[in-house]
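Heads up, upload09.txt below (compact mmCIF, C-alpha atoms and all ligand atoms):
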# COMPACT_ATOMS: atom_id res chain seq x y z
CA MET A 7 48.56 120.94 116.15
CA GLU A 8 45.35 121.20 118.21
CA THR A 9 44.09 117.99 119.83
CA PHE A 10 40.95 117.82 117.68
CA ASN A 11 43.11 118.14 114.54
CA ILE A 12 45.34 115.28 115.62
CA ILE A 13 42.27 113.13 116.28
CA ASP A 14 40.47 114.12 113.04
CA GLN A 15 43.54 113.58 110.88
CA SER A 16 44.29 110.23 112.54
CA ASP A 17 40.70 109.04 112.13
CA LYS A 18 40.77 110.04 108.48
CA TYR A 19 44.13 108.57 107.48
CA ILE A 20 44.83 105.69 109.88
CA LEU A 21 42.99 102.37 109.76
CA HIS A 22 40.68 102.01 112.73
CA THR A 23 42.23 98.89 114.22
CA TYR A 24 42.66 100.42 117.70
CA GLY A 25 40.09 101.74 120.16
CA ARG A 26 41.92 104.89 121.29
CA ASP A 27 41.31 107.25 124.20
CA LYS A 28 40.81 110.75 122.85
CA ILE A 29 44.09 112.20 124.06
CA ALA A 30 47.46 112.64 122.34
CA ILE A 31 50.58 112.20 124.49
CA MET A 32 53.21 114.73 123.45
CA ARG A 33 56.02 114.45 125.98
CA GLY A 34 57.27 112.16 128.73
CA ALA A 35 59.83 112.25 131.54
CA GLY A 36 60.28 109.44 134.08
CA VAL A 37 56.97 108.17 135.39
CA HIS A 38 55.06 111.16 133.98
CA CYS A 39 53.79 112.20 130.57
CA TRP A 40 51.79 115.14 129.24
CA ASP A 41 49.07 115.39 126.60
CA SER A 42 48.47 118.03 123.93
CA GLU A 43 46.29 120.04 126.36
CA GLY A 44 49.11 120.14 128.91
CA ASN A 45 47.48 117.61 131.29
CA GLN A 46 49.96 115.61 133.35
CA TYR A 47 49.60 111.86 133.87
CA LEU A 48 51.21 109.38 136.20
CA ASP A 49 51.95 106.71 133.63
CA PHE A 50 51.19 103.30 135.15
CA LEU A 51 50.89 101.65 131.76
CA CYS A 52 54.19 102.74 130.18
CA GLY A 53 53.29 102.03 126.59
CA ILE A 54 51.91 98.62 127.65
CA GLY A 55 54.98 97.62 129.60
CA VAL A 56 57.59 98.99 127.21
CA ASN A 57 59.08 102.00 129.01
CA VAL A 58 60.43 100.13 132.03
CA LEU A 59 63.00 102.87 132.75
CA GLY A 60 60.27 105.52 132.53
CA HIS A 61 59.94 107.99 129.69
CA CYS A 62 63.09 109.32 128.01
CA HIS A 63 65.56 107.90 130.53
CA PRO A 64 68.79 109.93 130.08
CA LYS A 65 70.90 106.80 129.48
CA VAL A 66 68.51 105.57 126.77
CA VAL A 67 68.42 109.01 125.13
CA GLU A 68 72.22 109.21 125.24
CA ALA A 69 72.62 105.69 123.80
CA ILE A 70 70.30 106.59 120.92
CA LYS A 71 72.24 109.80 120.22
CA GLN A 72 75.62 108.08 120.34
CA GLN A 73 74.68 105.13 118.15
CA ALA A 74 72.58 107.25 115.74
CA GLY A 75 75.68 109.32 115.00
CA LYS A 76 77.74 106.19 114.25
CA LEU A 77 75.62 103.58 112.50
CA LEU A 78 71.88 102.89 112.43
CA HIS A 79 71.46 99.81 110.31
CA THR A 80 73.49 97.42 108.20
CA SER A 81 71.21 94.33 107.85
CA ASN A 82 71.94 90.85 109.14
CA LEU A 83 74.28 90.07 106.25
CA TYR A 84 77.18 91.34 108.35
CA TYR A 85 78.37 90.93 111.93
CA SER A 86 77.35 93.54 114.47
CA GLN A 87 79.25 94.42 117.64
CA GLN A 88 76.06 95.73 119.24
CA GLN A 89 74.19 92.47 118.59
CA ALA A 90 77.08 90.35 119.85
CA GLU A 91 77.23 92.31 123.11
CA LEU A 92 73.47 92.27 123.64
CA ALA A 93 73.08 88.56 122.89
CA LYS A 94 75.84 87.73 125.39
CA LEU A 95 74.15 89.87 128.03
CA ILE A 96 70.73 88.26 127.48
CA SER A 97 72.24 84.80 127.79
CA GLU A 98 74.06 85.83 131.00
CA ILE A 99 70.91 87.11 132.72
CA ALA A 100 68.74 84.20 131.56
CA PHE A 101 70.29 80.89 130.49
CA GLU A 102 73.04 79.55 128.27
CA GLY A 103 71.98 79.60 124.62
CA GLN A 104 71.71 81.60 121.42
CA VAL A 105 69.55 84.56 120.42
CA PHE A 106 67.52 85.45 117.33
CA PHE A 107 66.59 89.13 117.09
CA ALA A 108 63.24 90.29 115.69
CA ASN A 109 61.00 93.37 115.87
CA SER A 110 57.88 92.61 117.91
CA GLY A 111 56.51 90.16 120.42
CA ALA A 112 54.42 88.39 117.81
CA GLU A 113 57.47 87.97 115.58
CA ALA A 114 59.49 86.50 118.43
CA ASN A 115 56.73 83.95 118.95
CA GLU A 116 56.61 83.25 115.19
CA ALA A 117 60.31 82.41 115.33
CA ALA A 118 59.74 80.11 118.32
CA LEU A 119 56.86 78.48 116.45
CA LYS A 120 59.03 77.81 113.40
CA LEU A 121 61.74 76.37 115.63
CA ALA A 122 59.15 74.06 117.24
CA LEU A 123 57.94 72.95 113.81
CA LYS A 124 61.46 72.06 112.75
CA HIS A 125 62.03 70.31 116.05
CA LYS A 126 59.24 67.83 115.23
CA PRO A 127 58.95 67.65 111.43
CA GLY A 128 55.51 66.79 110.08
CA LYS A 129 53.68 67.74 113.29
CA GLN A 130 51.77 70.98 113.90
CA LYS A 131 50.42 70.36 117.39
CA PHE A 132 50.65 73.01 120.10
CA LEU A 133 49.40 73.57 123.61
CA ALA A 134 48.71 76.88 125.33
CA LEU A 135 46.51 78.14 128.15
CA GLU A 136 43.06 79.68 128.37
CA GLY A 137 43.44 83.46 128.63
CA CYS A 138 46.81 83.48 126.87
CA PHE A 139 48.00 86.13 124.42
CA HIS A 140 50.95 85.54 122.12
CA GLY A 141 50.37 88.12 119.38
CA ARG A 142 48.34 88.95 116.29
CA THR A 143 50.25 87.54 113.31
CA ILE A 144 48.67 84.35 112.01
CA GLY A 145 51.03 81.95 113.79
CA ALA A 146 50.97 83.89 117.07
CA LEU A 147 47.20 84.37 116.79
CA SER A 148 46.78 80.63 116.37
CA LEU A 149 48.38 80.31 119.82
CA THR A 150 46.17 83.05 121.33
CA SER A 151 42.98 81.89 123.04
CA ASN A 152 40.70 84.95 122.76
CA GLU A 153 37.85 83.94 120.41
CA ASN A 154 37.10 87.58 119.49
CA TYR A 155 40.59 87.91 118.02
CA ARG A 156 40.58 84.48 116.37
CA LYS A 157 37.13 84.16 114.88
CA PRO A 158 37.35 86.69 111.99
CA PHE A 159 40.53 84.97 110.73
CA SER A 160 39.69 81.32 111.30
CA PRO A 161 40.61 78.69 110.36
CA LEU A 162 44.01 79.50 111.81
CA PHE A 163 47.27 77.58 111.77
CA GLY A 164 47.91 74.11 113.16
CA GLU A 165 46.18 72.14 115.85
CA VAL A 166 46.16 74.18 119.06
CA GLU A 167 44.53 73.14 122.34
CA PHE A 168 43.94 75.66 125.13
CA LEU A 169 44.09 74.14 128.59
CA PRO A 170 42.72 75.54 131.84
CA ARG A 171 45.34 77.38 133.91
CA ASN A 172 46.95 75.67 136.88
CA ASP A 173 45.18 72.37 136.13
CA ILE A 174 47.81 69.66 136.30
CA LYS A 175 45.36 66.89 135.37
CA THR A 176 44.48 68.32 131.94
CA ALA A 177 48.14 69.15 131.31
CA ARG A 178 49.09 65.56 132.08
CA ALA A 179 46.46 64.27 129.65
CA ALA A 180 47.40 66.69 126.84
CA ILE A 181 51.21 66.67 126.90
CA LYS A 182 52.07 63.78 124.57
CA GLU A 183 55.01 62.97 122.34
CA ASP A 184 53.29 64.24 119.18
CA VAL A 185 53.02 67.81 120.54
CA ASN A 186 55.59 70.28 119.18
CA ALA A 187 55.54 72.83 121.98
CA PHE A 188 53.71 74.25 124.98
CA PHE A 189 53.59 78.07 124.94
CA VAL A 190 53.12 79.70 128.32
CA GLU A 191 53.15 83.11 130.01
CA VAL A 192 54.11 82.83 133.69
CA VAL A 193 51.87 85.85 134.31
CA GLN A 194 49.24 86.37 131.62
CA GLY A 195 49.26 90.07 130.84
CA GLU A 196 46.57 90.68 128.22
CA GLY A 197 44.51 87.87 129.76
CA GLY A 198 44.09 89.93 132.94
CA VAL A 199 47.26 89.46 135.03
CA ASN A 200 46.74 85.80 135.90
CA VAL A 201 49.68 84.34 137.80
CA LEU A 202 50.57 80.69 137.22
CA GLU A 203 51.28 78.57 140.26
CA ARG A 204 54.83 77.43 140.94
CA ALA A 205 53.78 73.78 141.35
CA TYR A 206 51.96 73.90 138.01
CA LEU A 207 55.00 75.33 136.23
CA HIS A 208 57.18 72.62 137.78
CA GLU A 209 54.83 69.95 136.54
CA LEU A 210 54.70 71.51 133.03
CA ARG A 211 58.48 71.50 132.92
CA LYS A 212 58.62 67.85 133.95
CA LEU A 213 55.86 66.68 131.61
CA THR A 214 57.24 68.55 128.58
CA GLU A 215 60.74 67.26 129.29
CA ASP A 216 59.55 63.66 129.67
CA ASN A 217 57.61 63.82 126.39
CA GLY A 218 60.12 65.72 124.26
CA VAL A 219 57.78 68.72 124.00
CA LEU A 220 59.41 72.16 123.88
CA LEU A 221 58.51 74.51 126.71
CA VAL A 222 58.35 78.00 125.22
CA VAL A 223 58.07 80.70 127.88
CA ASP A 224 56.67 83.95 126.50
CA GLU A 225 58.34 86.74 128.53
CA VAL A 226 57.29 89.46 126.07
CA GLN A 227 55.39 91.27 128.81
CA THR A 228 56.86 89.79 131.98
CA GLY A 229 60.54 90.02 131.06
CA PHE A 230 63.25 92.35 132.35
CA GLY A 231 62.24 92.84 135.95
CA LYS A 232 58.52 93.58 135.87
CA THR A 233 57.52 90.64 138.08
CA GLY A 234 60.26 91.26 140.65
CA LYS A 235 62.73 88.81 139.04
CA MET A 236 64.66 89.48 135.85
CA PHE A 237 62.43 86.88 134.13
CA ALA A 238 59.17 85.50 135.49
CA TYR A 239 60.15 81.83 134.97
CA GLN A 240 62.86 82.41 137.61
CA HIS A 241 60.14 82.59 140.29
CA ALA A 242 59.49 78.89 139.67
CA ASP A 243 63.13 77.76 139.36
CA ILE A 244 62.52 76.13 136.01
CA LEU A 245 64.43 76.50 132.75
CA PRO A 246 62.58 77.04 129.46
CA ASP A 247 63.74 75.46 126.22
CA VAL A 248 62.93 78.68 124.42
CA MET A 249 62.17 82.15 125.79
CA THR A 250 60.63 84.99 123.79
CA MET A 251 61.02 88.64 124.82
CA ALA A 252 60.12 92.09 123.52
CA LYS A 253 58.61 95.30 124.94
CA ALA A 254 61.09 96.42 127.65
CA ILE A 255 64.18 95.29 125.78
CA GLY A 256 64.09 98.04 123.15
CA GLY A 257 63.71 100.92 125.63
CA GLY A 258 60.87 102.26 123.43
CA LEU A 259 62.28 101.14 120.08
CA PRO A 260 60.74 98.11 118.37
CA MET A 261 62.79 95.05 119.18
CA SER A 262 62.25 91.47 120.26
CA ALA A 263 64.38 88.41 120.79
CA VAL A 264 64.20 84.66 121.16
CA LEU A 265 66.66 82.84 123.40
CA VAL A 266 67.12 79.19 122.47
CA SER A 267 68.68 76.82 124.99
CA GLU A 268 72.00 75.14 124.26
CA ARG A 269 70.64 71.77 123.17
CA LEU A 270 68.45 73.40 120.48
CA MET A 271 71.08 75.76 119.14
CA GLY A 272 71.38 73.96 115.80
CA SER A 273 67.61 73.79 115.21
CA LEU A 274 67.40 76.77 112.88
CA ALA A 275 69.94 76.76 110.08
CA PRO A 276 70.96 79.60 107.71
CA GLY A 277 67.94 80.41 105.52
CA ASP A 278 65.37 78.95 107.94
CA HIS A 279 64.40 82.33 109.37
CA ALA A 280 65.34 85.97 108.85
CA THR A 281 64.21 89.56 109.19
CA THR A 282 65.74 92.69 107.67
CA TYR A 283 65.69 94.96 110.71
CA GLY A 284 65.99 92.39 113.53
CA GLY A 285 68.33 93.75 116.22
CA ASN A 286 69.79 96.49 114.07
CA ASN A 287 72.78 98.46 115.33
CA LEU A 288 70.74 101.25 116.90
CA ILE A 289 68.25 99.05 118.72
CA ALA A 290 70.83 96.54 119.91
CA ALA A 291 72.96 99.35 121.38
CA VAL A 292 69.90 100.66 123.22
CA GLY A 293 68.90 97.17 124.42
CA LYS A 294 72.29 96.71 126.05
CA VAL A 295 71.96 100.02 127.89
CA VAL A 296 68.43 99.15 129.05
CA ILE A 297 69.60 95.86 130.58
CA GLU A 298 72.77 97.36 132.08
CA THR A 299 70.73 100.15 133.68
CA ILE A 300 68.27 97.63 135.16
CA ILE A 301 71.21 95.75 136.67
CA VAL A 302 73.35 98.70 137.85
CA ASP A 303 70.41 100.61 139.37
CA ASN A 304 69.09 97.49 141.11
CA LEU A 305 65.72 97.97 139.48
CA VAL A 306 64.55 94.37 139.75
CA ASP A 307 64.72 94.64 143.56
CA ASN A 308 62.94 97.98 143.38
CA ALA A 309 60.19 96.40 141.25
CA ALA A 310 59.76 93.60 143.80
CA LYS A 311 59.61 96.08 146.72
CA MET A 312 57.35 98.62 145.02
CA GLY A 313 55.19 95.83 143.61
CA ARG A 314 54.58 94.46 147.13
CA ALA A 315 53.61 97.94 148.39
CA PHE A 316 51.31 98.60 145.45
CA LEU A 317 49.58 95.23 145.69
CA LYS A 318 49.10 95.73 149.44
CA GLY A 319 47.43 99.06 148.69
CA LEU A 320 45.28 97.53 145.95
CA LYS A 321 44.21 94.73 148.28
CA LYS A 322 43.19 97.31 150.88
CA LEU A 323 41.16 99.14 148.23
CA ALA A 324 39.56 95.82 147.30
CA ALA A 325 38.63 95.18 150.93
CA ASP A 326 37.27 98.72 151.36
CA HIS A 327 35.26 98.61 148.11
CA ASP A 328 34.27 94.98 147.84
CA GLU A 329 31.04 95.93 146.08
CA LEU A 330 33.15 97.06 143.10
CA ILE A 331 36.49 95.24 143.35
CA ARG A 332 36.35 91.47 143.17
CA GLU A 333 40.08 90.86 143.53
CA ALA A 334 43.47 92.55 143.53
CA ARG A 335 46.29 90.40 142.15
CA GLY A 336 49.71 90.45 140.56
CA LEU A 337 53.38 89.61 140.77
CA GLY A 338 55.95 92.37 141.24
CA LEU A 339 54.79 95.44 139.38
CA MET A 340 52.46 93.48 137.06
CA THR A 341 49.29 94.20 138.95
CA ALA A 342 45.54 94.39 138.43
CA ILE A 343 42.19 94.84 140.07
CA GLU A 344 39.29 92.81 138.77
CA LEU A 345 36.01 94.68 139.10
CA THR A 346 32.48 93.37 139.30
CA ALA A 347 31.48 95.98 136.68
CA LYS A 348 32.44 99.37 135.20
CA GLY A 349 36.06 98.55 134.30
CA PRO A 350 36.22 100.92 131.30
CA GLU A 351 34.50 103.67 133.34
CA LEU A 352 37.06 103.34 136.15
CA ALA A 353 39.96 103.41 133.67
CA LYS A 354 38.52 106.61 132.20
CA ALA A 355 37.96 108.20 135.62
CA CYS A 356 41.57 107.37 136.58
CA ARG A 357 42.79 109.00 133.36
CA VAL A 358 40.73 112.11 133.95
CA ASN A 359 42.21 112.22 137.46
CA GLY A 360 45.74 111.87 136.08
CA LEU A 361 46.57 108.14 136.11
CA LEU A 362 47.09 105.99 132.99
CA ALA A 363 46.05 102.35 133.33
CA ASN A 364 44.44 99.89 130.98
CA CYS A 365 41.17 98.00 131.09
CA ASN A 366 41.59 94.66 129.37
CA PRO A 367 39.86 92.29 129.22
CA GLY A 368 36.35 93.21 130.35
CA ASN A 369 36.57 94.54 133.86
CA VAL A 370 40.23 94.00 134.73
CA LEU A 371 42.20 97.19 135.31
CA ARG A 372 45.87 96.51 134.65
CA PHE A 373 48.87 98.47 135.93
CA LEU A 374 52.41 98.22 134.56
CA PRO A 375 54.39 101.03 136.23
CA PRO A 376 58.06 101.46 135.33
CA LEU A 377 60.77 99.66 137.32
CA THR A 378 61.94 103.08 138.48
CA VAL A 379 58.66 103.84 140.30
CA LYS A 380 58.97 105.34 143.80
CA SER A 381 56.85 105.06 146.97
CA LYS A 382 55.37 108.51 146.44
CA ASP A 383 54.17 107.49 142.94
CA ILE A 384 52.56 104.34 144.38
CA ASP A 385 50.80 106.41 147.06
CA GLU A 386 49.64 108.93 144.47
CA ALA A 387 48.32 106.20 142.15
CA LEU A 388 46.41 104.53 144.99
CA ALA A 389 44.90 107.88 145.99
CA ILE A 390 43.78 108.53 142.38
CA ILE A 391 42.24 105.05 142.08
CA GLU A 392 40.35 105.55 145.35
CA LYS A 393 39.15 109.01 144.32
CA SER A 394 38.01 107.62 140.94
CA ILE A 395 36.15 104.73 142.60
CA LYS A 396 34.30 107.19 144.83
CA GLU A 397 33.34 109.29 141.80
CA LEU A 398 31.83 106.35 139.92
C1 LIG B 1 52.80 87.92 126.36
C2 LIG B 1 52.75 88.61 125.03
N1 LIG B 1 53.18 87.97 123.95
C3 LIG B 1 53.17 88.54 122.74
C4 LIG B 1 52.69 89.82 122.58
C5 LIG B 1 52.69 90.45 121.21
O1 LIG B 1 53.63 91.46 121.16
P1 LIG B 1 53.57 92.56 120.00
O2 LIG B 1 52.36 93.39 120.24
O3 LIG B 1 54.86 93.32 120.16
O4 LIG B 1 53.52 91.82 118.72
C6 LIG B 1 52.23 90.54 123.68
C7 LIG B 1 51.71 91.90 123.54
O5 LIG B 1 51.10 92.47 124.39
C8 LIG B 1 52.26 89.91 124.95
O6 LIG B 1 51.82 90.53 126.04

Rewrite the structure of this file - the entire thing - as structure tokens.
Amino acid sequence: METFNIIDQSDKYILHTYGRDKIAIMRGAGVHCWDSEGNQYLDFLCGIGVNVLGHCHPKVVEAIKQQAGKLLHTSNLYYSQQQAELAKLISEIAFEGQVFFANSGAEANEAALKLALKHKPGKQKFLALEGCFHGRTIGALSLTSNENYRKPFSPLFGEVEFLPRNDIKTARAAIKEDVNAFFVEVVQGEGGVNVLERAYLHELRKLTEDNGVLLVVDEVQTGFGKTGKMFAYQHADILPDVMTMAKAIGGGLPMSAVLVSERLMGSLAPGDHATTYGGNNLIAAVGKVVIETIIVDNLVDNAAKMGRAFLKGLKKLAADHDELIREARGLGLMTAIELTAKGPELAKACRVNGLLANCNPGNVLRFLPPLTVKSKDIDEALAIIEKSIKEL
């Protein structure tokens, strides 16, 4: 199919809920992918942080083939070896507890929300942070601060207050016994790669603990090595009550999970929550291989090392082009440059020059390279960004 046909047919038959770049990606291998015109891209977005092993990693492809030939799906009415193995592995790399499997980040947060409602019956009070993003279903959207996303669907669910980031004083005033849960991303992804301070996270943990408020850490985007630790909360040496994850875990297949700490394990009883596909045999088998590969190939350390090199390069670019770049920031491979203007134009110029990145929100250019990224890819990306800046 020619590119214009793909675009025409899509525009005719698919609801226009996404603003899409006018390219169609046809093939991927490692850190590269190719569009329908044969153009090659260095993929520093990876399906918005999903393809952490790069495109079509041989172990992921093999796991899909093996499991697809055996059993794809049986529903959650029966036990599943693949789920049992994956849940054990998640608990081992995070904290002691039990897992609920779902299909998307928003759904994982919906499950956490329901758990928090049951935890404090009769209350519907939640706290989250300015700039946060927890998903687009009604419950998850209620916890998402962006007014553009909220307004068309308001009034939303519950009583949700958005607090300024890293402001201990407002947190202290807001965290009270009648609050069900505090939802937090250690590094806000969609909000523009905003990193929370360690001292702030410590204080949140203490205040929520003291007031019986659940601390729900949303690791949908940060999880599985991207920040240079397996999970971002581990940078702050705190333990969440509930952790939600998605994106990386499915290796490109739609999967999410909620890990609930030991003391809350009885909170959701049979019938309280369910989903037909959640953690089906195929996806759970792939999830296990994704995590094992991250561990065996030492990819968290690689992410930390490559992330430091990339951020150093971005900071140099910021210093050299301070008229355009306000700040370079990030943690591990979750990195961004905030521009004074022309964010979408720079994202487009980078794409034309062979680098995929994302401009969201406003003028923040976000990079989420795979954990497998190498020094030469980092150097190439920095060279493309610099070339694109000069062209603007
Ligand atoms: C931190 C965070 N939470 C939740 C979500 C929602 O995930 P999904 O798009 O899979 O529903 C996202 C998506 O980008 C996210 O970054």

Selection near Met312 (chain A), 8 Å with only C-alpha atoms, sequence-local residues under 3 positions removed, as a PyMOL selection string: chain A and resi 308-309+315-316+338-339+379-381+384

Shell of 8 Å around region 100-112 of chain A, all atoms listed in the file, local chain residues under 2 positions omitted, as number ranges by chain: A: 93, 96-98, 114-116, 140-143, 146, 226, 236-237, 245, 250-253, 260-268, 271, 281, 283-285

Test item: residues at most 12 Å from Ile391 (chain A), all atoms listed in the file, excluding those fewer than 6 positions along its chain, as an mmCIF file with C-alpha atoms, in the frame of the given file:
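Output saved as around.cif:
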data_model
loop_
_atom_site.group_PDB
_atom_site.id
_atom_site.type_symbol
_atom_site.label_atom_id
_atom_site.label_comp_id
_atom_site.auth_asym_id
_atom_site.auth_seq_id
_atom_site.Cartn_x
_atom_site.Cartn_y
_atom_site.Cartn_z
ATOM 1 C CA LEU A 48 51.210 109.380 136.200
ATOM 2 C CA PHE A 50 51.190 103.300 135.150
ATOM 3 C CA PHE A 316 51.310 98.600 145.450
ATOM 4 C CA GLY A 319 47.430 99.060 148.690
ATOM 5 C CA LEU A 320 45.280 97.530 145.950
ATOM 6 C CA LYS A 322 43.190 97.310 150.880
ATOM 7 C CA LEU A 323 41.160 99.140 148.230
ATOM 8 C CA ALA A 324 39.560 95.820 147.300
ATOM 9 C CA HIS A 327 35.260 98.610 148.110
ATOM 10 C CA ILE A 331 36.490 95.240 143.350
ATOM 11 C CA ALA A 342 45.540 94.390 138.430
ATOM 12 C CA ILE A 343 42.190 94.840 140.070
ATOM 13 C CA GLY A 349 36.060 98.550 134.300
ATOM 14 C CA GLU A 351 34.500 103.670 133.340
ATOM 15 C CA LEU A 352 37.060 103.340 136.150
ATOM 16 C CA ALA A 353 39.960 103.410 133.670
ATOM 17 C CA LYS A 354 38.520 106.610 132.200
ATOM 18 C CA ALA A 355 37.960 108.200 135.620
ATOM 19 C CA CYS A 356 41.570 107.370 136.580
ATOM 20 C CA ARG A 357 42.790 109.000 133.360
ATOM 21 C CA VAL A 358 40.730 112.110 133.950
ATOM 22 C CA ASN A 359 42.210 112.220 137.460
ATOM 23 C CA GLY A 360 45.740 111.870 136.080
ATOM 24 C CA LEU A 361 46.570 108.140 136.110
ATOM 25 C CA LEU A 362 47.090 105.990 132.990
ATOM 26 C CA ALA A 363 46.050 102.350 133.330
ATOM 27 C CA LEU A 371 42.200 97.190 135.310
ATOM 28 C CA ARG A 372 45.870 96.510 134.650
ATOM 29 C CA PHE A 373 48.870 98.470 135.930
ATOM 30 C CA ILE A 384 52.560 104.340 144.380
ATOM 31 C CA ASP A 385 50.800 106.410 147.060
ATOM 32 C CA GLU A 397 33.340 109.290 141.800
ATOM 33 C CA LEU A 398 31.830 106.350 139.920
#

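The two atoms in question, CA of Glu183 (chain A) and CA of Val223 (chain A), are spaced 18.8 Å apart.
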
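Among A:Leu147, A:Val185, A:Leu388, A:Ala177, the residue with the shortest atom-to-atom distance to ligand LIG 1 (chain B), counting only C-alpha atoms and all ligand atoms, is A:Leu147.
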
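Shortest separation to Val370 (chain A) among A:Ala389, A:Ile181, A:Leu345, A:Val56 occurs at residue A:Leu345, atoms counted being only C-alpha atoms.
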
Length of the CA of Leu119 (chain A) to CA of Phe189 (chain A) vector [Å]: 9.1 Å

Taking every listed atom of ligand LIG 1 (chain B) and adding 5 Å to each side, what centre and edge lengths in Å (one decimal) does the axis-aligned box have, as lines of an AutoDock Vina configuration file?
center_x = 53.0
center_y = 90.7
center_z = 122.5
size_x = 13.8
size_y = 15.5
size_z = 17.6

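CA of Thr23 (chain A) to CA of Phe163 (chain A) spans 22.0 Å [interatomic distance, one decimal].
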
Show which residues sit within 12 Å of Ser160 (chain A), as a PDB file with C-alpha atoms, in the frame of the given file. Count only C-alpha atoms, and ignore same-chain residues fewer than 6 positions away.
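Writing the result to result07.pdb gives the following:
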ATOM      1  CA  ILE A 144      48.670  84.350 112.010  1.00  0.00           C
ATOM      2  CA  GLY A 145      51.030  81.950 113.790  1.00  0.00           C
ATOM      3  CA  LEU A 147      47.200  84.370 116.790  1.00  0.00           C
ATOM      4  CA  SER A 148      46.780  80.630 116.370  1.00  0.00           C
ATOM      5  CA  GLU A 153      37.850  83.940 120.410  1.00  0.00           C
ATOM      6  CA  ASN A 154      37.100  87.580 119.490  1.00  0.00           C
TER       7      ASN A 154
END

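The residue that comes closest to ligand LIG 1 (chain B), out of A:Gly258, A:Gly25, A:Pro64, A:Gly34 and on the basis of only C-alpha atoms and all ligand atoms, is A:Gly258.
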
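You can rank A:Gly293, A:Leu337, A:Arg204, A:Lys382 by their closest distance to Lys65 (chain A) using only C-alpha atoms, and at the top of that list sits A:Gly293.
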
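Distances from A:Ile174, A:Leu83, A:Ala387, A:Ile300 to Gly277 (chain A) were compared using only C-alpha atoms, and the smallest one belongs to A:Leu83.
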
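Considering all atoms listed in the file, the residue among A:Asp278, A:Glu225, A:Asp383, A:Asp14 positioned nearest to ligand LIG 1 (chain B) is A:Glu225.
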
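Taking only C-alpha atoms into account, the polymer residues that have an atom no farther than 10 Å from (56.2, 93.5, 128.7) are A:Cys52, A:Gly53, A:Ile54, A:Gly55, A:Val56, A:Asn57, A:Val58, A:Gly111, A:Gly195, A:Asp224, A:Glu225, A:Val226, A:Gln227, A:Thr228, A:Gly229, A:Phe230, A:Gly231, A:Lys232, A:Thr233, A:Met251, A:Ala252, A:Lys253, A:Ala254, A:Ile255, A:Met340, A:Leu374.
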
Nearby residues, (49.4, 80.4, 133.7) file frame, 8 Å, only C-alpha atoms, as a PyMOL selection string: chain A and resi 135+138+171-172+190-194+200-203+207
